[in-house]
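Asks: Structure file upload_5.csv (CSV, C-alpha atoms) is given on the next line.
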chain,number,residue,atom,x,y,z
A,1,MET,CA,12.2,-13.4,31.3
A,2,ALA,CA,15.8,-12.6,31.8
A,3,GLU,CA,15.5,-9.5,29.6
A,4,THR,CA,13.2,-7.8,32.0
A,5,SER,CA,15.4,-8.1,35.1
A,6,SER,CA,17.9,-5.4,34.1
A,7,ALA,CA,17.1,-1.7,33.6
A,8,PRO,CA,17.1,-0.7,29.9
A,9,GLU,CA,20.5,0.6,28.8
A,10,PRO,CA,21.2,2.3,25.5
A,11,GLU,CA,23.6,0.6,23.1
A,12,ILE,CA,27.2,1.7,23.5
A,13,GLN,CA,27.2,4.2,20.7
A,14,TYR,CA,24.3,6.2,22.0
A,15,ALA,CA,24.3,8.8,24.8
A,16,SER,CA,20.8,7.9,26.0
A,17,LEU,CA,17.8,5.7,25.2
A,18,ALA,CA,16.0,8.8,23.7
A,19,HIS,CA,19.0,9.3,21.4
A,20,GLN,CA,18.9,5.7,20.4
A,21,GLY,CA,15.2,5.9,19.8
A,22,GLU,CA,15.4,9.0,17.6
A,23,THR,CA,18.2,7.5,15.6
A,24,ALA,CA,16.0,4.4,15.0
A,25,GLU,CA,13.1,6.6,14.0
A,26,ILE,CA,15.1,8.5,11.5
A,27,GLY,CA,16.6,5.3,10.2
A,28,ILE,CA,13.2,3.7,9.4
A,29,TRP,CA,12.0,6.9,7.7
A,30,ALA,CA,15.2,7.0,5.6
A,31,PHE,CA,14.5,3.4,4.6
A,32,LEU,CA,10.8,4.1,3.9
A,33,SER,CA,11.7,7.1,1.8
A,34,THR,CA,13.6,4.8,-0.5
A,35,GLU,CA,10.6,2.5,-0.5
A,36,ILE,CA,8.3,5.4,-1.5
A,37,LEU,CA,10.6,6.0,-4.5
A,38,PHE,CA,10.8,2.2,-5.2
A,39,PHE,CA,7.1,1.9,-5.5
A,40,GLY,CA,6.8,5.4,-6.8
A,41,GLY,CA,8.8,4.6,-9.9
A,42,MET,CA,6.4,1.8,-10.8
A,43,PHE,CA,3.4,4.0,-10.1
A,44,LEU,CA,4.8,6.5,-12.5
A,45,VAL,CA,5.2,3.9,-15.2
A,46,TYR,CA,1.7,2.7,-14.5
A,47,ALA,CA,0.3,6.3,-14.8
A,48,LEU,CA,2.1,6.9,-18.1
A,49,TYR,CA,1.0,3.7,-19.7
A,50,ARG,CA,-2.6,4.1,-18.4
A,51,GLN,CA,-2.7,7.5,-19.9
A,52,ALA,CA,-1.4,6.1,-23.2
A,53,PHE,CA,-3.7,3.0,-23.2
A,54,PRO,CA,-6.8,3.9,-21.2
A,55,ILE,CA,-9.0,1.2,-22.9
A,56,GLY,CA,-6.6,-1.7,-22.5
A,57,PHE,CA,-6.0,-0.7,-18.8
A,58,ALA,CA,-9.7,-0.4,-18.0
A,59,GLU,CA,-10.4,-3.7,-19.7
A,60,GLY,CA,-7.5,-5.3,-17.8
A,61,SER,CA,-8.6,-3.8,-14.5
A,62,LYS,CA,-12.1,-5.0,-15.0
A,63,ASP,CA,-10.9,-8.6,-14.9
A,64,THR,CA,-9.1,-8.3,-11.6
A,65,LYS,CA,-10.7,-10.0,-8.6
A,66,PHE,CA,-12.4,-6.9,-7.1
A,67,ILE,CA,-14.0,-8.6,-4.1
A,68,ILE,CA,-10.8,-10.4,-3.0
A,69,GLY,CA,-8.8,-7.2,-3.5
A,70,THR,CA,-11.4,-5.2,-1.5
A,71,VAL,CA,-11.6,-7.7,1.3
A,72,ASN,CA,-7.8,-7.6,1.5
A,73,LEU,CA,-8.0,-3.8,1.8
A,74,PHE,CA,-10.2,-4.1,4.9
A,75,ILE,CA,-8.0,-6.9,6.3
A,76,LEU,CA,-4.9,-4.7,6.0
A,77,LEU,CA,-6.7,-1.6,7.4
A,78,THR,CA,-7.7,-3.8,10.4
A,79,SER,CA,-4.2,-5.2,10.8
A,80,SER,CA,-2.8,-1.6,11.0
A,81,PHE,CA,-5.3,-1.0,13.7
A,82,THR,CA,-4.1,-3.9,15.8
A,83,MET,CA,-0.5,-2.9,15.1
A,84,ALA,CA,-1.1,0.7,16.2
A,85,TRP,CA,-2.9,-0.7,19.3
A,86,ALA,CA,0.2,-2.9,20.0
A,87,VAL,CA,2.4,0.2,19.7
A,88,GLU,CA,0.3,1.8,22.4
A,89,LEU,CA,1.0,-1.1,24.7
A,90,ALA,CA,4.7,-1.4,24.0
A,91,GLY,CA,6.8,-0.2,26.9
A,92,THR,CA,4.1,-1.2,29.4
A,93,GLU,CA,3.6,-4.2,31.6
A,94,ALA,CA,0.9,-5.6,29.2
A,95,ARG,CA,3.2,-8.3,27.9
A,96,ARG,CA,0.4,-10.8,27.1
A,97,ALA,CA,-1.8,-8.3,25.4
A,98,LEU,CA,1.1,-7.0,23.3
A,99,THR,CA,1.9,-10.5,22.2
A,100,VAL,CA,-1.7,-11.3,21.3
A,101,LEU,CA,-2.1,-8.1,19.3
A,102,LEU,CA,1.1,-8.9,17.4
A,103,LEU,CA,-0.1,-12.4,16.7
A,104,VAL,CA,-3.4,-11.1,15.5
A,105,THR,CA,-1.6,-8.7,13.2
A,106,ALA,CA,0.5,-11.5,11.8
A,107,ALA,CA,-2.5,-13.7,11.3
A,108,LEU,CA,-4.3,-10.9,9.4
A,109,GLY,CA,-1.2,-10.6,7.2
A,110,LEU,CA,-1.3,-14.4,6.6
A,111,ILE,CA,-4.9,-14.3,5.6
A,112,PHE,CA,-4.1,-11.5,3.2
A,113,ILE,CA,-1.4,-13.6,1.6
A,114,GLY,CA,-3.7,-16.6,1.5
A,115,LEU,CA,-6.4,-14.7,-0.3
A,116,LYS,CA,-3.8,-13.2,-2.6
A,117,GLY,CA,-2.5,-16.6,-3.4
A,118,PHE,CA,-6.0,-17.8,-4.3
A,119,GLU,CA,-6.4,-14.7,-6.5
A,120,TYR,CA,-3.1,-15.4,-8.2
A,121,TYR,CA,-4.2,-19.0,-8.8
A,122,GLU,CA,-7.4,-17.8,-10.5
A,123,ASP,CA,-5.5,-15.2,-12.5
A,124,VAL,CA,-3.0,-17.7,-13.9
A,125,TRP,CA,-4.8,-21.1,-14.1
A,126,ILE,CA,-8.4,-20.0,-14.8
A,127,ASP,CA,-8.2,-16.6,-16.6
A,128,HIS,CA,-4.6,-16.9,-18.0
A,129,ASP,CA,-4.1,-13.2,-17.1
A,130,PHE,CA,-0.3,-13.6,-17.0
A,131,PRO,CA,1.9,-11.8,-19.6
A,132,GLY,CA,3.5,-14.2,-22.1
A,133,ILE,CA,2.3,-17.0,-24.4
A,134,ILE,CA,-0.6,-18.0,-22.2
A,135,PHE,CA,-2.2,-14.5,-22.3
A,136,PRO,CA,-5.5,-14.6,-24.3
A,137,MET,CA,-4.9,-12.3,-27.3
A,138,SER,CA,-8.7,-12.4,-28.0
A,139,LYS,CA,-9.3,-9.8,-25.3
A,140,PRO,CA,-10.2,-6.3,-26.2
A,141,ASP,CA,-7.0,-4.1,-26.8
A,142,ALA,CA,-5.0,-7.2,-25.9
A,143,ARG,CA,-1.5,-5.8,-26.0
A,144,ALA,CA,-2.2,-2.9,-23.7
A,145,ASN,CA,-4.3,-5.2,-21.6
A,146,GLU,CA,-1.2,-7.5,-21.3
A,147,LEU,CA,0.8,-4.5,-20.3
A,148,PHE,CA,-1.6,-3.8,-17.5
A,149,TRP,CA,-1.2,-7.3,-16.3
A,150,LEU,CA,2.6,-7.1,-16.3
A,151,LEU,CA,2.3,-4.0,-14.0
A,152,TYR,CA,-0.3,-5.8,-11.9
A,153,TRP,CA,2.1,-8.7,-11.3
A,154,MET,CA,5.0,-6.5,-10.6
A,155,LEU,CA,3.2,-4.2,-8.2
A,156,THR,CA,1.2,-6.8,-6.3
A,157,GLY,CA,4.1,-9.3,-6.3
A,158,LEU,CA,6.4,-6.7,-4.8
A,159,HIS,CA,3.8,-5.8,-2.2
A,160,ALA,CA,3.3,-9.4,-1.3
A,161,VAL,CA,7.0,-9.8,-0.8
A,162,HIS,CA,7.0,-6.8,1.6
A,163,LEU,CA,4.0,-8.2,3.5
A,164,SER,CA,5.6,-11.6,3.8
A,165,ILE,CA,8.7,-10.0,5.3
A,166,GLY,CA,6.4,-8.0,7.6
A,167,VAL,CA,4.7,-11.2,8.8
A,168,GLY,CA,8.1,-12.7,9.6
A,169,LEU,CA,9.2,-9.6,11.5
A,170,VAL,CA,5.9,-9.4,13.5
A,171,LEU,CA,6.1,-13.0,14.5
A,172,THR,CA,9.8,-12.5,15.6
A,173,PHE,CA,8.8,-9.5,17.6
A,174,ALA,CA,5.8,-11.3,19.1
A,175,HIS,CA,8.1,-14.1,20.3
A,176,ARG,CA,10.4,-11.4,21.9
A,177,ALA,CA,7.4,-9.6,23.4
A,178,TRP,CA,6.3,-12.8,25.0
A,179,ARG,CA,9.7,-13.1,26.7
A,180,GLY,CA,9.2,-9.5,28.0
A,181,ALA,CA,11.6,-7.7,25.8
A,182,TYR,CA,9.4,-4.6,25.3
A,183,ILE,CA,8.1,-4.0,28.9
A,184,ARG,CA,10.5,-1.2,29.6
A,185,TYR,CA,11.5,-0.1,26.1
A,186,GLY,CA,8.9,-0.2,23.4
A,187,LYS,CA,10.6,1.7,20.6
A,188,PRO,CA,11.3,-1.4,18.5
A,189,ILE,CA,7.6,-2.1,18.3
A,190,GLU,CA,7.0,1.5,17.1
A,191,ILE,CA,9.6,1.1,14.4
A,192,LEU,CA,8.0,-2.2,13.3
A,193,GLY,CA,4.6,-0.4,13.3
A,194,TYR,CA,5.9,2.2,10.8
A,195,TYR,CA,7.0,-0.6,8.4
A,196,TRP,CA,3.7,-2.5,8.7
A,197,THR,CA,1.5,0.6,8.3
A,198,PHE,CA,3.6,1.7,5.3
A,199,VAL,CA,2.9,-1.7,3.6
A,200,ASP,CA,-0.8,-1.2,4.4
A,201,LEU,CA,-0.7,2.3,3.0
A,202,MET,CA,0.9,1.0,-0.3
A,203,TRP,CA,-2.1,-1.4,-0.7
A,204,VAL,CA,-4.5,1.6,-0.4
A,205,VAL,CA,-2.8,3.2,-3.4
A,206,LEU,CA,-2.4,-0.1,-5.3
A,207,TRP,CA,-6.0,-1.1,-4.7
A,208,THR,CA,-7.1,2.3,-6.0
A,209,LEU,CA,-4.9,2.1,-9.1
A,210,ILE,CA,-5.4,-1.6,-10.0
A,211,TYR,CA,-8.8,-2.7,-9.0
A,212,LEU,CA,-11.0,0.4,-9.4
A,213,PRO,CA,-10.7,1.4,-13.1
A,214,GLY,CA,-13.1,-0.1,-15.6
A,215,ARG,CA,-15.7,-1.3,-13.1
A,216,ASN,CA,-18.5,0.8,-14.8
A,217,ILE,CA,-17.8,-0.3,-18.3
B,218,MET,CA,-6.8,-4.5,33.3
B,219,LYS,CA,-6.3,-0.8,33.2
B,220,GLY,CA,-5.2,0.9,29.9
B,221,LEU,CA,-5.5,-2.2,27.7
B,222,ALA,CA,-8.4,-0.8,25.6
B,223,PRO,CA,-7.5,0.8,22.2
B,224,PRO,CA,-7.5,4.6,22.3
B,225,LEU,CA,-10.6,6.2,20.8
B,226,ARG,CA,-8.3,7.8,18.1
B,227,LEU,CA,-7.5,4.4,16.7
B,228,ILE,CA,-11.1,3.2,16.6
B,229,VAL,CA,-12.2,6.4,14.9
B,230,THR,CA,-9.3,6.1,12.4
B,231,TRP,CA,-10.2,2.5,11.6
B,232,ALA,CA,-13.9,3.3,11.2
B,233,VAL,CA,-13.3,6.3,8.9
B,234,LEU,CA,-10.8,4.3,6.8
B,235,VAL,CA,-13.2,1.4,6.3
B,236,ALA,CA,-16.0,3.9,5.4
B,237,LEU,CA,-13.8,5.6,2.9
B,238,GLY,CA,-12.7,2.3,1.4
B,239,GLY,CA,-16.4,1.3,1.1
B,240,LEU,CA,-17.2,4.6,-0.5
B,241,SER,CA,-14.5,4.2,-3.1
B,242,PHE,CA,-15.7,0.7,-3.8
B,243,GLY,CA,-19.3,1.8,-4.3
B,244,LEU,CA,-18.4,4.9,-6.4
B,245,SER,CA,-16.3,2.8,-8.8
B,246,PHE,CA,-19.5,1.3,-10.2
B,247,ILE,CA,-21.1,4.7,-11.0
B,248,ARG,CA,-20.2,6.3,-14.4
B,249,PHE,CA,-18.6,9.6,-13.9
B,250,GLY,CA,-16.4,9.4,-17.0
B,251,ALA,CA,-12.9,10.8,-16.4
B,252,ALA,CA,-14.0,12.0,-12.9
B,253,ASN,CA,-14.0,8.3,-11.7
B,254,THR,CA,-10.2,8.3,-11.6
B,255,ALA,CA,-10.0,11.7,-10.0
B,256,VAL,CA,-12.5,10.8,-7.3
B,257,SER,CA,-10.9,7.5,-6.4
B,258,LEU,CA,-7.4,9.1,-6.2
B,259,VAL,CA,-8.7,11.9,-4.0
B,260,ILE,CA,-10.3,9.3,-1.6
B,261,ALA,CA,-7.0,7.4,-1.7
B,262,ALA,CA,-5.0,10.5,-0.8
B,263,ILE,CA,-7.4,11.3,2.1
B,264,MET,CA,-7.0,7.7,3.3
B,265,VAL,CA,-3.2,8.0,3.1
B,266,VAL,CA,-3.3,11.3,5.2
B,267,ILE,CA,-5.6,9.7,7.7
B,268,ILE,CA,-3.3,6.7,8.1
B,269,ALA,CA,-0.3,9.0,8.5
B,270,ILE,CA,-2.0,11.0,11.3
B,271,GLY,CA,-4.3,8.4,12.9
B,272,TYR,CA,-2.1,5.3,12.9
B,273,ILE,CA,1.5,6.6,12.4
B,274,LYS,CA,1.0,9.8,14.5
B,275,LEU,CA,3.4,11.5,12.2
B,276,GLU,CA,2.6,14.9,13.6
B,277,LYS,CA,4.0,13.8,17.0
B,278,ALA,CA,7.2,12.4,15.6
B,279,ALA,CA,10.6,14.0,16.2
B,280,PRO,CA,11.1,17.0,13.8
B,281,LEU,CA,14.0,15.4,12.0
B,282,ALA,CA,12.1,12.1,11.6
B,283,ARG,CA,9.3,14.1,10.0
B,284,VAL,CA,11.7,15.7,7.6
B,285,PHE,CA,13.0,12.2,6.6
B,286,ALA,CA,9.4,11.1,6.1
B,287,CYS,CA,8.7,14.0,3.8
B,288,VAL,CA,11.9,13.6,1.8
B,289,GLY,CA,10.7,10.6,-0.1
B,290,LEU,CA,7.5,12.4,-1.1
B,291,PHE,CA,9.6,15.4,-2.2
B,292,TRP,CA,11.8,13.3,-4.5
B,293,LEU,CA,8.7,11.5,-5.8
B,294,LEU,CA,7.2,14.9,-6.7
B,295,ILE,CA,10.3,15.7,-8.6
B,296,LEU,CA,10.2,12.3,-10.4
B,297,PHE,CA,6.5,12.8,-11.4
B,298,GLY,CA,6.9,16.5,-12.1
B,299,LEU,CA,9.9,16.3,-14.4
B,300,THR,CA,8.3,13.3,-16.2
B,301,ALA,CA,5.1,15.3,-16.6
B,302,THR,CA,6.9,18.1,-18.4
B,303,ASP,CA,7.5,15.7,-21.2
B,304,TYR,CA,4.1,14.0,-21.3
B,305,ALA,CA,2.2,17.2,-20.7
B,306,TRP,CA,3.6,19.0,-23.7
B,307,ARG,CA,4.0,16.2,-26.2
B,308,ALA,CA,0.6,15.5,-27.6
B,309,PRO,CA,-1.0,13.3,-28.8
B,310,PRO,CA,0.8,10.6,-26.7
B,311,GLY,CA,3.8,9.6,-28.7
B,312,ILE,CA,3.5,5.9,-27.8
B,313,SER,CA,0.3,5.5,-29.8
B,314,SER,CA,1.8,6.8,-33.0
B,315,SER,CA,4.4,4.1,-33.0
B,316,PRO,CA,3.4,1.6,-35.7
B,317,SER,CA,4.7,-1.4,-33.7
B,318,LEU,CA,2.5,-0.6,-30.8
B,319,ARG,CA,-0.6,0.5,-32.8
B,320,ILE,CA,-3.7,-1.0,-31.3
B,321,GLU,CA,-7.3,-1.5,-32.5
B,322,VAL,CA,-9.9,0.5,-30.6
B,323,PRO,CA,-13.3,-1.2,-30.2
B,324,PRO,CA,-16.0,1.0,-31.8
B,325,TYR,CA,-17.9,1.6,-28.6
B,326,TRP,CA,-14.8,3.2,-27.1
B,327,GLN,CA,-14.0,5.5,-30.0
B,328,SER,CA,-17.0,7.8,-29.3
B,329,ARG,CA,-16.2,8.0,-25.6
B,330,SER,CA,-12.5,8.5,-25.7
B,331,GLY,CA,-12.9,11.2,-28.4
B,332,THR,CA,-9.5,10.4,-30.0
B,333,GLU,CA,-8.4,7.9,-32.6
B,334,ARG,CA,-5.5,5.9,-31.2
Could you spell out this file's structure in structure tokens?

Replies:
Amino acid sequence: MAETSSAPEPEIQYASLAHQGETAEIGIWAFLSTEILFFGGMFLVYALYRQAFPIGFAEGSKDTKFIIGTVNLFILLTSSFTMAWAVELAGTEARRALTVLLLVTAALGLIFIGLKGFEYYEDVWIDHDFPGIIFPMSKPDARANELFWLLYWMLTGLHAVHLSIGVGLVLTFAHRAWRGAYIRYGKPIEILGYYWTFVDLMWVVLWTLIYLPGRNI
Amino acid sequence: MKGLAPPLRLIVTWAVLVALGGLSFGLSFIRFGAANTAVSLVIAAIMVVIIAIGYIKLEKAAPLARVFACVGLFWLLILFGLTATDYAWRAPPGISSSPSLRIEVPPYWQSRSGTER
């Protein structure tokens, strides 16, 4: 609890806490802008190939685990809710509630990763939907189908990496919150919330692109 | 304890997002043809805007932070826009005319897609 005993002071390079907070806010958005382009480049490749091979992509998408993907969508939407709630409590005396909300957010992230792992297991070991020699060439429009699965693994794998990093960060912040680090200065939780919600937002786009096409074939 | 409950804004945001996700899930099974993709992308775009306003509170952020948040989208627009200038004017899609990538189209798709690939 030592961190709560002193009044919050800005780091030495900032004139005030407000100055420090605004710099952090701009910093996270500069980072997230690069992330938008990082994912955006792959979305572009996906869009072009899907336009070129609509059948193979619809057939590939039809074989994704729609229920798991959709449950994961709702899990992430809920985790963003608990994260946004935690942001509301940052900078207040509600140390225990803040810690609990961060732990719930991390737990929801871990459930997402667990379900995704199960989905990956089924994709590889049961359906062989992995680009390479194991890919079943008997599928309709197999080469384009395989291309869909390449993009599936790239996009969802990258997202899973981001989410895993997010879980690690949230757990670290939860530990600090428990020690009272964010009672007087809650900006770091807000910055963490931007990252977490961005990862959730990417899943909304990914889910729409990857799981929805081909369902009505 | 006072002030621990989530603000109504967050509850409404969550409920609307879950409803939109459910709507998109349900609509994907209905056959709209090419409109399926358009409808799902419009719903996704609405969800993204709702997250940006409801969860991230972007409209309340510092002006410069908002500029930084929009810069990524601006460059993304350029990326997609300039690429589209090629793909919009070069028809039919050049990829399908490459012999090495030529693929067989199942008969039941040929009538729906309208083009021989």

Asks: Mind giving me the straight-line distance from atom CA of Phe285 of chain B to atom CA of Ile26 of chain A in Å, one decimal?

Replies: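 Taking atom CA of Phe285 of chain B and atom CA of Ile26 of chain A, their separation equals 6.5 Å.
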
Asks: Counting only C-alpha atoms, collect the residues of chain B whose closest atom lies at most 6 Å from chain A, and write them out as a ChimeraX atom specification.

Replies: /B:223,245-246,248,272,282,285-286,289,293

Asks: Can you tell me, as a list in words, what residues are no more than 8 Å from segment 266-270 of chain B when counting all atoms listed in the file, ignoring any on the same chain fewer than 3 positions away?

Replies: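 Counting all atoms listed in the file, the residues come to Thr197 and Leu201 of chain A; Thr230, Leu234, Ala262, Ile263, Ile273, Lys274, Leu275 and Glu276 of chain B.
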
Asks: How about saving the chosen residues, C-alpha atoms kept, as a CSV table (one decimal), keeping the file's coordinate frame?

Replies:
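Heads up, here's the output in again.csv:
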chain,number,residue,atom,x,y,z
A,197,THR,CA,1.5,0.6,8.3
A,201,LEU,CA,-0.7,2.3,3.0
B,230,THR,CA,-9.3,6.1,12.4
B,234,LEU,CA,-10.8,4.3,6.8
B,262,ALA,CA,-5.0,10.5,-0.8
B,263,ILE,CA,-7.4,11.3,2.1
B,273,ILE,CA,1.5,6.6,12.4
B,274,LYS,CA,1.0,9.8,14.5
B,275,LEU,CA,3.4,11.5,12.2
B,276,GLU,CA,2.6,14.9,13.6

Asks: Could you tell me how far atom CA of Gly157 of chain A sits from atom CA of Phe130 of chain A, in Å to one decimal place?

Replies: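 That distance, rounded to one decimal, is 12.3 Å.
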
Asks: Using only C-alpha atoms, find the one residue out of B:Val235, B:Thr300, B:Lys277, B:Ser241 that sits nearest to Asn253 of chain B.

Replies: B:Ser241

Asks: Excluding Lys65 of chain A and residues on its chain fewer than 6 positions from it, collect all residues at most 9 Å away from it, counting only C-alpha atoms, and give them as a PyMOL selection string.

Replies: chain A and resi 119+122-123+211

Asks: Would you export the selected residues with C-alpha atoms as a compact mmCIF listing (two decimals), keeping the file's coordinate frame, please?

Replies:
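Saved file part-v1.txt follows:
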# COMPACT_ATOMS: atom_id res chain seq x y z
CA GLU A 119 -6.40 -14.70 -6.50
CA GLU A 122 -7.40 -17.80 -10.50
CA ASP A 123 -5.50 -15.20 -12.50
CA TYR A 211 -8.80 -2.70 -9.00

Asks: Could you list, as a VMD selection string, every residue within 10 Å of Ile210 of chain A, counting all atoms listed in the file and ignoring same-chain residues fewer than 3 positions away?

Replies: chain A and resid 46 57 to 58 60 to 62 64 66 69 148 to 149 151 to 152 155 to 156 203 205 to 207 213 to 214

Asks: Determine the nearest neighbour of Arg184 of chain A from the options A:Ile12, A:Ala90, A:Ile68, A:Leu76, counting only C-alpha atoms.

Replies: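 Of A:Ile12, A:Ala90, A:Ile68, A:Leu76, the one nearest Arg184 of chain A is A:Ala90, counting only C-alpha atoms.
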
Asks: So the first atom is atom CA of Leu237 of chain B and the second is atom CA of Val256 of chain B; what is the distance between them in Å, to one decimal place?

Replies: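 Separation between atom CA of Leu237 of chain B and atom CA of Val256 of chain B: 11.5 Å.
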
Asks: Pick the closest to Gly239 of chain B from A:Leu17, A:Val71, A:Ala174, A:Ile189: which is it, counting only C-alpha atoms?

Replies: A:Val71
